[in-house]
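**Student:** Input query_20.txt, format and content: compact mmCIF, C-alpha atoms.
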# COMPACT_ATOMS: atom_id res chain seq x y z
CA CYS A 1 -161.44 14.99 83.73
CA THR A 2 -163.17 13.29 80.80
CA HIS A 3 -162.29 14.03 77.21
CA THR A 4 -165.49 13.66 75.26
CA VAL A 5 -164.99 16.08 72.44
CA GLN A 6 -168.15 16.03 70.29
CA VAL A 7 -166.56 16.33 66.87
CA GLU A 8 -167.96 14.59 63.80
CA THR A 9 -165.19 12.13 62.95
CA LYS A 10 -164.52 9.98 59.92
CA GLU A 11 -165.16 6.18 59.99
CA PRO A 12 -162.93 4.82 62.79
CA ILE A 13 -159.71 3.13 61.69
CA THR A 14 -157.80 0.53 63.72
CA ILE A 15 -154.08 0.78 64.52
CA ASN A 16 -152.20 -2.18 65.99
CA ILE A 17 -148.75 -1.93 67.55
CA ASN A 18 -147.05 -4.92 69.15
CA VAL A 19 -143.94 -4.38 71.25
CA LYS A 20 -141.67 -6.97 72.82
CA ILE A 21 -138.96 -5.60 75.12
CA ASP A 22 -136.00 -7.90 75.21
CA HIS A 23 -133.80 -7.08 78.18
CA GLU A 24 -131.30 -9.66 77.03
CA ILE A 25 -130.26 -7.18 74.31
CA ARG A 26 -129.60 -4.48 76.90
CA VAL A 27 -127.45 -6.91 78.91
CA LYS A 28 -125.58 -7.99 75.73
CA VAL A 29 -124.92 -4.41 74.59
CA ASP A 30 -123.89 -3.50 78.12
CA LYS A 31 -121.24 -6.25 78.05
CA GLU A 32 -119.96 -5.13 74.65
CA LEU A 33 -119.65 -1.56 75.93
CA ASP A 34 -117.47 -2.86 78.75
CA ASN A 35 -114.60 -3.23 76.27
CA ILE A 36 -114.80 0.40 75.15
CA PHE A 37 -114.89 1.68 78.71
CA SER A 38 -112.23 -0.53 80.20
CA GLU A 39 -108.88 0.64 81.63
CA ASP A 40 -106.82 -0.43 78.66
CA SER A 41 -109.17 0.96 76.01
CA ASN A 42 -107.80 3.96 74.14
CA LEU A 43 -111.29 5.39 73.78
CA PHE A 44 -111.96 5.99 77.49
CA LEU B 1 -101.84 14.42 73.41
CA GLU B 2 -102.86 11.30 75.38
CA LEU B 3 -106.47 10.84 76.54
CA ASP B 4 -105.44 9.84 80.07
CA GLU B 5 -103.30 12.96 80.36
CA ALA B 6 -106.20 15.15 79.18
CA LYS B 7 -108.55 13.53 81.71
CA GLN B 8 -106.04 13.78 84.52
CA ASN B 9 -105.59 17.52 83.89
CA GLY B 10 -109.35 18.04 83.72
CA TRP B 11 -109.23 19.20 80.08
CA VAL B 12 -111.92 16.71 78.95
CA GLY B 13 -114.89 14.96 80.59
CA GLU B 14 -117.63 12.40 79.91
CA LYS B 15 -120.95 13.87 78.76
CA ASP B 16 -124.41 12.32 79.39
CA ASN B 17 -124.69 11.18 75.75
CA GLY B 18 -121.86 8.67 75.74
CA TYR B 19 -119.33 11.05 74.19
CA LEU B 20 -116.26 12.95 75.35
CA ALA B 21 -116.36 16.74 75.59
CA GLN B 22 -113.78 19.48 75.82
CA ILE B 23 -113.65 21.42 79.09
CA VAL B 24 -110.56 23.55 78.57
CA ALA B 25 -109.27 24.96 75.26
CA GLU B 26 -105.84 23.37 75.60
CA LYS B 27 -103.68 22.73 72.53
CA GLY B 28 -104.69 19.51 70.77
CA VAL B 29 -107.71 18.84 73.02
CA GLN B 30 -110.23 19.68 70.27
CA ALA B 31 -108.62 17.23 67.82
CA LEU B 32 -108.37 14.52 70.48
CA VAL B 33 -112.07 14.85 71.42
CA GLU B 34 -113.22 14.73 67.79
CA ASP B 35 -111.06 11.70 67.03
CA ILE B 36 -112.23 9.73 70.09
CA ASN B 37 -115.91 10.60 69.51
CA GLN B 38 -115.71 9.56 65.87
CA GLN B 39 -114.39 6.14 66.84
CA ARG B 40 -117.00 5.76 69.58
CA GLN B 41 -119.83 6.72 67.23
CA LYS B 42 -118.72 4.12 64.69
CA ILE B 43 -118.91 1.42 67.40
CA TYR B 44 -122.25 2.68 68.72
CA ARG B 45 -123.74 2.50 65.19
CA GLU B 46 -122.45 -1.05 64.73
CA LEU B 47 -123.87 -2.13 68.10
CA ALA B 48 -127.24 -0.50 67.32
CA ALA B 49 -127.49 -2.19 63.91
CA LYS B 50 -126.35 -5.60 65.23
CA ASN B 51 -128.98 -5.59 68.02
CA ASN B 52 -131.60 -3.60 66.03
CA ILE B 53 -132.03 -0.91 68.64
CA SER B 54 -131.57 2.83 68.10
CA VAL B 55 -128.14 4.51 68.30
CA GLU B 56 -129.61 6.81 70.99
CA GLN B 57 -130.32 3.76 73.17
CA VAL B 58 -126.73 2.53 72.76
CA GLU B 59 -125.44 6.04 73.55
CA LYS B 60 -127.58 6.14 76.70
CA LEU B 61 -126.16 2.82 77.92
CA ALA B 62 -122.64 4.02 76.98
CA ALA B 63 -123.14 7.18 79.07
CA GLN B 64 -124.20 5.14 82.12
CA LYS B 65 -121.16 2.90 81.63
CA ALA B 66 -118.80 5.88 81.21
CA TYR B 67 -120.15 7.53 84.38
CA ALA B 68 -119.84 4.33 86.40
CA LYS B 69 -116.26 3.73 85.24
CA THR B 70 -115.00 7.32 85.43
CA LEU B 71 -112.09 7.41 87.89
CA ALA B 72 -112.19 9.62 91.01
CA GLY B 73 -110.90 13.07 90.18
CA HIS B 74 -112.02 12.91 86.53
CA TYR B 75 -114.95 14.97 85.28
CA VAL B 76 -118.55 13.99 84.41
CA TRP B 77 -121.37 16.22 83.14
CA VAL B 78 -124.26 16.17 85.68
CA ASN B 79 -127.37 18.42 85.52
CA GLY B 80 -125.67 20.91 83.21
CA ALA B 81 -122.35 21.29 85.00
CA TRP B 82 -118.93 19.63 85.06
CA VAL B 83 -118.54 17.77 88.33
CA LYS B 84 -115.37 16.13 89.63
CA LYS B 85 -116.13 12.55 90.68
CA PHE C 1 -126.65 -16.10 135.14
CA THR C 2 -128.11 -18.52 137.66
CA LEU C 3 -131.84 -19.05 138.16
CA ASP C 4 -132.46 -19.19 141.89
CA ASN C 5 -135.73 -18.31 143.54
CA SER C 6 -134.53 -15.10 145.06
CA PHE C 7 -134.92 -11.77 143.32
CA SER C 8 -132.02 -10.83 141.09
CA HIS C 9 -131.33 -8.23 138.54
CA HIS C 10 -128.52 -8.31 135.98
CA LYS C 11 -127.40 -6.55 132.86
CA ILE C 12 -126.35 -9.03 130.19
CA LEU C 13 -124.92 -8.96 126.70
CA LEU C 14 -126.46 -11.67 124.51
CA GLU C 15 -124.39 -12.79 121.55
CA ASN C 16 -122.21 -9.71 122.36
CA SER C 17 -124.82 -7.53 120.63
CA LEU C 18 -128.18 -7.54 122.45
CA LYS C 19 -127.92 -5.37 125.58
CA ALA C 20 -130.69 -6.33 127.99
CA GLU C 21 -131.64 -6.10 131.66
CA VAL C 22 -132.78 -9.32 133.26
CA GLU C 23 -135.01 -9.54 136.34
CA GLN C 24 -135.74 -12.85 137.94
CA GLN C 25 -138.47 -13.38 140.49
CA GLN C 26 -139.61 -16.84 141.56
CA GLN C 27 -140.34 -18.62 138.32
CA HIS C 28 -140.66 -15.43 136.25
CA VAL C 29 -137.66 -14.11 134.35
CA SER C 30 -138.22 -10.86 132.48
CA LEU C 31 -135.86 -9.43 129.92
CA LEU C 32 -135.99 -5.74 129.06
CA VAL C 33 -134.40 -4.28 125.93
CA GLU C 34 -134.59 -0.51 125.59
CA GLN C 35 -133.87 1.68 122.54
CA GLN C 36 -131.46 -0.89 121.18
CA ASN C 37 -129.93 0.08 117.82
CA VAL C 38 -131.00 -2.65 115.45
CA THR C 39 -127.64 -2.27 113.70
CA ASP C 40 -126.01 -3.80 116.80
CA LEU C 41 -128.14 -6.89 116.27
CA GLN C 42 -126.70 -7.63 112.84
CA PRO C 43 -124.70 -10.71 114.01
CA LEU C 44 -127.92 -12.10 115.54
CA ILE C 45 -130.03 -11.21 112.48
CA ARG C 46 -127.60 -12.80 110.05
CA GLN C 47 -128.20 -16.14 111.80
CA LEU C 48 -131.98 -15.73 111.62
CA SER C 49 -132.09 -14.51 108.00
CA PRO C 50 -128.85 -14.22 106.00
CA ASP C 51 -130.55 -12.06 103.34
CA LEU C 52 -131.58 -9.41 105.85
CA THR C 53 -129.35 -6.42 106.68
CA LEU C 54 -130.60 -3.63 108.96
CA THR C 55 -129.01 -0.21 108.58
CA GLN C 56 -131.00 1.94 111.01
CA GLY C 57 -133.77 1.81 113.60
CA LYS C 58 -134.58 1.07 117.23
CA LEU C 59 -135.81 -2.06 119.04
CA ASN C 60 -137.67 -2.09 122.33
CA ALA C 61 -138.70 -5.42 123.80
CA ARG C 62 -140.09 -6.76 127.04
CA VAL C 63 -139.94 -10.53 127.35
CA VAL C 64 -141.34 -12.47 130.32
CA THR C 65 -140.61 -16.17 130.56
CA THR C 66 -142.55 -18.26 133.09
CA LEU C 67 -141.87 -21.78 134.18
CA ASN C 68 -145.23 -23.48 133.54
CA SER C 69 -145.86 -25.60 136.66
CA GLN C 70 -148.30 -28.02 134.85
CA ASN C 71 -146.08 -29.05 131.93
CA SER C 72 -142.82 -27.61 133.39
CA GLU C 73 -142.23 -25.89 130.05
CA LEU C 74 -141.14 -22.30 129.60
CA ASP C 75 -143.97 -20.04 128.44
CA VAL C 76 -142.82 -16.78 126.88
CA ALA C 77 -144.91 -13.60 126.57
CA ALA C 78 -143.22 -10.69 124.80
CA ASP C 79 -143.98 -7.25 123.44
CA VAL C 80 -141.61 -6.31 120.64
CA LYS C 81 -141.58 -2.77 119.21
CA LEU C 82 -139.65 -1.71 116.10
CA ASP C 83 -139.17 1.99 115.29
CA ASP C 84 -138.23 3.47 111.91
CA VAL C 85 -136.16 0.50 110.83
CA SER C 86 -134.40 0.61 107.46
CA GLY C 87 -132.40 -1.99 105.64
CA ARG C 88 -132.21 -4.41 102.75
CA TYR C 89 -133.80 -7.81 102.23
CA ALA C 90 -132.08 -9.63 99.35
CA GLU C 91 -131.99 -6.92 96.65
CA TYR C 92 -134.98 -4.97 97.99
CA LEU C 93 -134.38 -1.77 99.99
CA PHE C 94 -136.89 -0.76 102.68
CA SER C 95 -137.15 2.13 105.13
CA GLY C 96 -139.43 3.41 107.87
CA LEU C 97 -140.57 0.04 109.20
CA SER C 98 -142.50 0.29 112.47
CA SER C 99 -144.52 -2.31 114.33
CA GLN C 100 -145.54 -3.27 117.86
CA SER C 101 -146.31 -6.98 118.24
CA PRO C 102 -147.55 -8.94 121.25
CA ILE C 103 -145.83 -12.35 120.92
CA SER C 104 -146.38 -15.53 122.92
CA ILE C 105 -144.53 -18.83 122.72
CA SER C 106 -145.98 -21.84 124.49
CA SER C 107 -146.65 -25.50 123.86
CA ALA C 108 -149.13 -24.25 121.22
CA GLY C 109 -146.19 -22.71 119.35
CA LEU C 110 -145.54 -19.11 118.28
CA GLN C 111 -148.50 -16.75 118.44
CA LEU C 112 -148.48 -13.13 117.25
CA GLY C 113 -151.38 -10.93 118.32
CA ALA C 114 -152.87 -8.74 115.58
CA SER C 115 -150.79 -5.57 115.31
CA THR C 116 -150.33 -2.79 112.75
CA LEU C 117 -147.24 -2.89 110.57
CA ARG C 118 -146.13 0.31 108.80
CA LEU C 119 -143.52 0.57 106.07
CA ASN C 120 -142.73 3.96 104.47
CA LEU C 121 -140.85 2.67 101.47
CA LEU C 122 -140.18 -0.69 99.82
CA ASN C 123 -138.06 -0.32 96.67
CA VAL C 124 -138.19 -3.34 94.37
CA GLY C 125 -136.89 -1.20 91.49
CA LEU C 126 -140.32 0.38 91.60
CA PRO C 127 -140.95 2.41 94.80
CA ILE C 128 -143.92 1.18 96.87
CA GLU C 129 -144.81 3.63 99.63
CA HIS C 130 -146.86 4.11 102.80
CA ILE C 131 -147.63 0.44 103.25
CA THR C 132 -149.84 -0.50 106.19
CA ALA C 133 -150.99 -3.99 107.11
CA THR C 134 -152.14 -6.07 110.05
CA LEU C 135 -149.54 -8.67 111.07
CA LEU C 136 -150.63 -11.73 113.04
CA THR C 137 -150.40 -15.49 113.22
CA GLN C 138 -153.27 -17.87 112.58
CA ASN C 139 -152.55 -21.33 114.01
CA THR C 140 -148.85 -20.35 114.18
CA ALA C 141 -148.65 -19.36 110.47
CA LEU C 142 -147.52 -15.74 109.97
CA LYS C 143 -150.05 -13.70 107.98
CA LEU C 144 -150.66 -10.16 106.68
CA GLU C 145 -154.21 -8.82 106.42
CA ASN C 146 -155.73 -5.68 104.87
CA ILE C 147 -152.58 -4.50 103.14
CA ASN C 148 -152.72 -1.00 101.65
CA GLY C 149 -150.11 1.14 99.95
CA ASN C 150 -149.26 3.59 97.18
CA THR C 151 -147.37 3.02 93.96
CA LEU C 152 -147.16 4.59 90.49
CA GLY C 153 -149.18 7.59 91.69
CA GLY C 154 -152.12 5.44 92.81
CA GLN C 155 -153.20 3.00 95.49
CA PHE C 156 -153.32 -0.80 95.87
CA ARG C 157 -154.89 -3.07 98.42
CA LEU C 158 -154.91 -6.80 99.18
CA LYS C 159 -156.98 -8.78 101.68
CA ASP C 160 -154.87 -11.67 102.98
CA VAL C 161 -151.30 -12.81 102.36
CA TRP C 162 -149.85 -15.85 104.15
CA LEU C 163 -146.11 -15.45 104.74
CA ASP C 164 -145.29 -19.16 104.96
CA GLY C 165 -144.81 -19.55 101.21
CA ARG C 166 -147.95 -21.65 100.75
CA GLU C 167 -149.83 -21.80 97.41
CA GLN C 168 -152.35 -18.96 97.61
CA HIS C 169 -154.65 -16.77 95.55
CA ILE C 170 -154.56 -13.00 96.25
CA ASP C 171 -156.75 -10.36 94.57
CA VAL C 172 -154.79 -7.12 94.19
CA VAL C 173 -157.06 -4.11 93.65
CA LEU C 174 -155.50 -1.07 91.91
CA GLU C 175 -156.91 2.48 91.85
CA ASN C 176 -155.85 5.80 90.24
CA ILE C 177 -152.63 4.34 88.82
CA ASP C 178 -151.00 7.12 86.78
CA LEU C 179 -150.44 6.04 83.17
CA ALA C 180 -147.61 8.58 82.86
CA GLN C 181 -145.67 6.82 85.62
CA ILE C 182 -146.17 3.42 83.96
CA VAL C 183 -144.84 4.78 80.65
CA ALA C 184 -141.93 6.43 82.53
CA LEU C 185 -140.77 2.93 83.59
CA GLN C 186 -140.02 2.27 79.93
CA ASP C 187 -137.69 5.27 79.71
CA GLN C 188 -138.83 5.85 76.06
CA PRO C 189 -138.12 9.38 74.79
CA GLY C 190 -140.92 11.46 73.27
CA ILE C 191 -143.94 9.54 74.61
CA SER C 192 -146.28 11.30 77.05
CA ILE C 193 -149.68 10.21 78.32
CA THR C 194 -152.25 11.39 80.85
CA GLY C 195 -155.02 9.44 82.52
CA HIS C 196 -155.46 6.91 85.32
CA ILE C 197 -156.36 3.23 85.46
CA GLY C 198 -157.71 0.87 88.08
CA GLY C 199 -158.86 -2.70 88.29
CA LYS C 200 -158.25 -6.15 89.76
CA LEU C 201 -155.26 -8.45 89.35
CA PRO C 202 -155.93 -12.08 90.43
CA VAL C 203 -152.48 -13.12 91.70
CA ASN C 204 -151.42 -16.73 92.27
CA SER C 205 -148.31 -17.20 94.34
CA ASN C 206 -146.26 -19.93 96.03
CA LYS C 207 -142.78 -20.28 97.52
CA GLN C 208 -140.96 -19.96 94.21
CA THR C 209 -142.89 -17.53 92.11
CA VAL C 210 -145.94 -15.40 91.39
CA GLY C 211 -148.35 -15.07 88.42
CA ILE C 212 -151.43 -13.11 87.27
CA ASP C 213 -154.19 -14.75 85.21
CA GLU C 214 -156.69 -12.55 83.34
CA GLY C 215 -156.08 -9.36 85.27
CA LYS C 216 -158.25 -6.50 84.00
CA VAL C 217 -157.69 -2.76 84.30
CA VAL C 218 -159.77 0.05 82.82
CA SER C 219 -159.25 3.80 82.54
CA GLN C 220 -161.04 6.01 85.00
CA GLY C 221 -162.01 8.86 82.66
CA GLY C 222 -160.07 9.47 79.44
CA GLY C 223 -156.63 10.84 78.66
CA ILE C 224 -154.29 12.19 75.99
CA LEU C 225 -151.43 10.33 74.31
CA THR C 226 -148.80 12.41 72.48
CA ILE C 227 -145.81 10.96 70.66
CA LYS C 228 -143.14 13.29 69.34
CA GLY C 229 -139.50 12.38 68.64
CA ASN C 230 -139.36 8.69 69.54
CA PRO C 231 -136.88 6.97 67.22
CA ALA C 232 -138.60 3.53 67.32
CA PHE C 233 -142.06 5.06 66.64
CA ASP C 234 -140.74 7.27 63.84
CA SER C 235 -139.19 4.29 62.05
CA ILE C 236 -142.46 2.24 62.16
CA LYS C 237 -144.40 5.33 61.06
CA GLN C 238 -142.44 5.32 57.77
CA GLN C 239 -144.14 2.04 56.82
CA GLN C 240 -147.50 2.62 58.61
CA GLY C 241 -148.42 6.24 57.79
CA GLU C 242 -151.65 6.17 59.86
CA LEU C 243 -149.54 5.98 63.01
CA GLY C 244 -149.35 9.76 62.63
CA PHE C 245 -152.85 9.89 64.19
CA LEU C 246 -151.30 8.76 67.47
CA GLU C 247 -149.08 11.83 67.68
CA ASN C 248 -152.02 13.64 69.30
CA TYR C 249 -154.57 11.03 70.41
CA HIS C 250 -157.45 11.84 72.80
CA PHE C 251 -158.87 8.57 74.20
CA SER C 252 -162.14 8.39 76.10
CA GLN C 253 -161.75 4.74 77.10
CA LEU C 254 -158.93 2.28 77.74
CA ALA C 255 -159.21 -1.34 78.83
CA SER C 256 -156.37 -3.79 79.23
CA LYS C 257 -155.90 -7.45 80.01
CA VAL C 258 -152.92 -8.23 82.28
CA THR C 259 -151.19 -11.61 82.36
CA LEU C 260 -148.00 -12.45 84.25
CA LYS C 261 -146.47 -15.86 83.68
CA PRO C 262 -144.48 -17.57 86.47
CA ASP C 263 -141.31 -17.07 84.39
CA GLY C 264 -141.83 -13.31 84.78
CA TRP C 265 -143.08 -12.55 81.26
CA LEU C 266 -145.76 -9.82 81.43
CA TYR C 267 -148.38 -9.58 78.64
CA LEU C 268 -150.43 -6.35 78.40
CA ASP C 269 -153.25 -6.09 75.86
CA LEU C 270 -154.40 -2.46 75.74
CA ALA C 271 -157.46 -1.34 73.75
CA PHE C 272 -157.91 2.44 73.39
CA TYR C 273 -161.03 4.15 71.97
CA GLY C 274 -160.51 7.73 70.93
CA GLN C 275 -159.70 10.13 68.12
CA ASN C 276 -157.18 12.54 66.69
CA PRO C 277 -158.96 15.92 67.01
CA ASP C 278 -156.63 17.70 64.55
CA LYS C 279 -157.56 15.33 61.73
CA LYS C 280 -161.05 14.53 63.11
CA GLN C 281 -160.26 10.82 62.75
CA ALA C 282 -161.71 8.25 65.16
CA VAL C 283 -159.09 5.60 65.98
CA ASN C 284 -159.30 2.25 67.76
CA PHE C 285 -155.74 1.75 68.96
CA ASN C 286 -154.64 -1.75 70.10
CA TYR C 287 -151.25 -1.95 71.79
CA THR C 288 -149.79 -5.24 73.02
CA HIS C 289 -146.70 -5.18 75.23
CA GLN C 290 -144.51 -8.14 76.22
CA GLU C 291 -141.70 -7.74 78.73
CA ASN C 292 -140.08 -9.76 81.48
CA LEU C 293 -141.19 -7.96 84.65
CA PHE C 294 -138.50 -9.54 86.84
CA THR C 295 -135.66 -8.37 84.51
CA LEU C 296 -137.32 -4.95 84.15
CA LEU C 297 -137.38 -4.50 87.94
CA GLU C 298 -133.82 -5.77 88.15
CA THR C 299 -132.68 -3.27 85.47
CA LEU C 300 -134.50 -0.48 87.33
CA ARG C 301 -132.75 -1.50 90.55
CA VAL C 302 -129.40 -1.51 88.80
CA THR C 303 -129.92 1.84 87.05
CA ASN C 304 -131.26 3.34 90.29
CA ASN C 305 -128.13 2.11 91.99
CA ILE C 306 -125.90 3.61 89.30
CA GLN C 307 -127.67 6.94 89.71
CA ASP C 308 -127.43 6.66 93.52
CA LYS C 309 -123.76 5.71 93.33
CA ILE C 310 -122.95 8.63 91.04
CA GLU C 311 -124.79 11.09 93.25
CA GLN C 312 -123.18 9.59 96.36
CA ASN C 313 -119.66 9.70 94.90
CA ILE C 314 -120.14 13.15 93.51
CA SER C 315 -121.61 14.62 96.66
CA LYS C 316 -118.71 13.05 98.58
CA GLY C 317 -116.28 14.25 95.94
CA ALA C 318 -117.73 17.77 95.91
CA LYS C 319 -117.37 18.15 99.66
CA GLN C 320 -113.59 17.71 99.78
Would you give me this structure, written as structure tokens?
**Tutor:**
Amino acid sequence: CTHTVQVETKEPITININVKIDHEIRVKVDKELDNIFSEDSNLF
Amino acid sequence: LELDEAKQNGWVGEKDNGYLAQIVAEKGVQALVEDINQQRQKIYRELAAKNNISVEQVEKLAAQKAYAKTLAGHYVWVNGAWVKK
Amino acid sequence: FTLDNSFSHHKILLENSLKAEVEQQQQHVSLLVEQQNVTDLQPLIRQLSPDLTLTQGKLNARVVTTLNSQNSELDVAADVKLDDVSGRYAEYLFSGLSSQSPISISSAGLQLGASTLRLNLLNVGLPIEHITATLLTQNTALKLENINGNTLGGQFRLKDVWLDGREQHIDVVLENIDLAQIVALQDQPGISITGHIGGKLPVNSNKQTVGIDEGKVVSQGGGILTIKGNPAFDSIKQQQGELGFLENYHFSQLASKVTLKPDGWLYLDLAFYGQNPDKKQAVNFNYTHQENLFTLLETLRVTNNIQDKIEQNISKGAKQ
């Protein structure tokens, strides 16, 4: 289905978003969470 | 009241947001859950700030970790119900 | 068993796993394997390919070896049929593999006649389904032709893929790929999108790795992007107020460049043309995305496994 809505719109503006996903962070956080959820932790 | 004892008796379980939750209104369980969750939240906030990701993302990873490490016989919250692993 | 010129018929156990019937007549020896569980062949398979483990499926094979009187070599003609085979190759799970291949081995080497290969599911972290291809050899090099399949709600097809690890260029054509399923891979709360894309990805591959140079995909028809309750987006919005237009963004066109470096880093360069109807504001939205595809797929495999393990343990636990 096409979405051509004929509505008089203001001068177009430009939005830029740049995203970099760093999986290394997920791996790092995952390791740090290991301590909380280990056998001898008093929080788990 | 010790956390391991509470888990063993099925009074508390791991929720899908990385926190502990009360299952049974036993004496002292409420206080234990609040204390543990407060300490966990403090660590989650530190981890989020240190790695500039959101606390929710840390909590999500914590939940996956808690589920994976939950011992057989202890409880986890799955699809809206307490399930014994 | 001995090879004499009389007729003989034996049942043998090869490598204590392959159960077969052997018939010998003059210089022909034929081997018949019927409805053999591929799981019994695991010791044999591990020698052929240590990364391959088969968990289910049936093998039927008829192998005729003939003593070639001219060059006194053994010519082999075989028909090998696989039914609904599942298993794992390295860290990739597959299921529903079926094929029926005419094979011949002679002084000219291994030859595989063109035959259809079907694979219901290949899970590389991202499920790829209903794959069909023609499997054959061309001057003894194993090759796949006319490969088709479904993924991310759409279809893909490729012309030729050599399986001998050579340097090759493969054009992957995509159609009707569902943007919502691409976004779902990111597991970002609060972002929803409709619309489909298609295009061509020029893939270069060799034994070690794979890459895409100047891939191009475009939207087929428009779509709607809505963002509501995404922590990362909300925090950027505090500095860039106009991001609010993207909370309900109707785009009529989307085009994106796709580049995949051999180290796995994926670069997407999306250009949307559309507007926010509530505020009657036309917006050109450029979104660039950088992510290591190999680690993403690995993470998806790991998280899928965690989910599978939990469900498995729980279903087992619940039964007791």
**Student:** Can you tell me how far CA of Thr53 (chain C) sits from CA of Ile147 (chain C), in Å to one decimal?
**Tutor:**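 CA of Ile147 (chain C) lies 23.6 Å from CA of Thr53 (chain C).
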**Student:** Between CA of Pro127 (chain C) and CA of Leu174 (chain C), what is the spacing in Å?
**Tutor:**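 We find that CA of Leu174 (chain C) and CA of Pro127 (chain C) lie 15.2 Å from each other.
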**Student:** Got a sec to pull out which chain A residues are within 6 Å of chain C, counting all atoms listed in the file, and send them as a VMD selection string?
**Tutor:** chain A and resid 2 to 3 9 to 10 12 to 21
**Student:** Skipping near chain neighbours, those fewer than 3 positions away, what residues fall within 10 Å of Tyr75 (chain B) using only C-alpha atoms, listed as a ChimeraX atom specification?
**Tutor:** /B:7-15,21,23,67,70-72,78,81-85 /C:314
**Student:** CA of Lys65 (chain B) and CA of Lys27 (chain B) are how many Å apart?
**Tutor:**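 Atom-to-atom, CA of Lys65 (chain B) and CA of Lys27 (chain B) are spaced 28.0 Å apart.
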**Student:** Could you name the residues that touch Thr132 (chain C) at 6 Å or less, counting all atoms listed in the file, but leaving out those on the same chain fewer than 3 positions away, as a short mmCIF file (atom, residue, chain, number, x, y, z; two decimals) with C-alpha atoms, in the coordinates of the input?
**Tutor:**
data_model
loop_
_atom_site.label_atom_id
_atom_site.label_comp_id
_atom_site.auth_asym_id
_atom_site.auth_seq_id
_atom_site.Cartn_x
_atom_site.Cartn_y
_atom_site.Cartn_z
CA LEU C 117 -147.24 -2.89 110.57
CA ARG C 118 -146.13 0.31 108.80
CA ILE C 147 -152.58 -4.50 103.14
CA ASN C 148 -152.72 -1.00 101.65
#
**Student:** Excluding same-chain residues fewer than 6 positions from Lys60 (chain B), what lies within 9 Å of it counting only C-alpha atoms, as a ChimeraX atom specification?
**Tutor:** /B:16-18
**Student:** Compile the contact shell of Asn37 (chain B) as a list in words: residues with an atom at most 7 Å away, counting only C-alpha atoms, same-chain residues fewer than 4 positions apart removed.
**Tutor:**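 Selected residues are Tyr19, Leu20, Val33 and Gln41 of chain B.
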**Student:** Put those residues in a file: C-alpha atoms, as a tab-separated table (two decimals), in the frame of the given file.
**Tutor:**
chain	number	residue	atom	x	y	z
B	19	TYR	CA	-119.33	11.05	74.19
B	20	LEU	CA	-116.26	12.95	75.35
B	33	VAL	CA	-112.07	14.85	71.42
B	41	GLN	CA	-119.83	6.72	67.23
**Student:** For chain C, which residue among B:Gln64, B:Asn51, B:Gln22, B:Gln38 is the nearest when counting only C-alpha atoms?
**Tutor:**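 Among B:Gln64, B:Asn51, B:Gln22, B:Gln38, it is B:Gln64 that comes nearest to chain C.
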**Student:** At most 7 Å is the cut-off: for each residue in chain B with any atom that close to an atom of chain A, write down the nearest atom pair and the distance in Å rounded to one decimal, counting all atoms listed in the file, chain first then increasing number, as JSON lines.
**Tutor:**
{"residue": "B:Ile36", "atom": "CA", "partner": "A:Leu43", "partner_atom": "CA", "distance": 5.8}
{"residue": "B:Leu47", "atom": "CA", "partner": "A:Val29", "partner_atom": "CA", "distance": 7.0}
{"residue": "B:Asn51", "atom": "CA", "partner": "A:Ile25", "partner_atom": "CA", "distance": 6.6}
{"residue": "B:Leu61", "atom": "CA", "partner": "A:Asp30", "partner_atom": "CA", "distance": 6.7}
{"residue": "B:Ala62", "atom": "CA", "partner": "A:Leu33", "partner_atom": "CA", "distance": 6.4}
{"residue": "B:Ala66", "atom": "CA", "partner": "A:Phe37", "partner_atom": "CA", "distance": 6.3}
{"residue": "B:Lys69", "atom": "CA", "partner": "A:Phe37", "partner_atom": "CA", "distance": 7.0}
**Student:** Can you list, as a VMD selection string, every protein, DNA or RNA residue that comes within 6 Å of region 25-37 of chain C when you count only C-alpha atoms, leaving out same-chain residues fewer than 2 positions away?
**Tutor:** chain C and resid 5 7 20 to 23 39 to 40 57 to 67
**Student:** Between C:Ser107, C:Ser49, C:Leu254, C:Ser235, single out the one closest to chain B, counting all atoms listed in the file.
**Tutor:**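 Checking each of C:Ser107, C:Ser49, C:Leu254, C:Ser235 against chain B, counting all atoms listed in the file, the winner is C:Ser235.
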**Student:** Would you mind telling me which residue in C:Asn146, C:Asn230, C:Gln100, C:Gln47 lies nearest to chain B when using all atoms listed in the file?
**Tutor:**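 Using all atoms listed in the file, chain B sits closest to C:Asn230.
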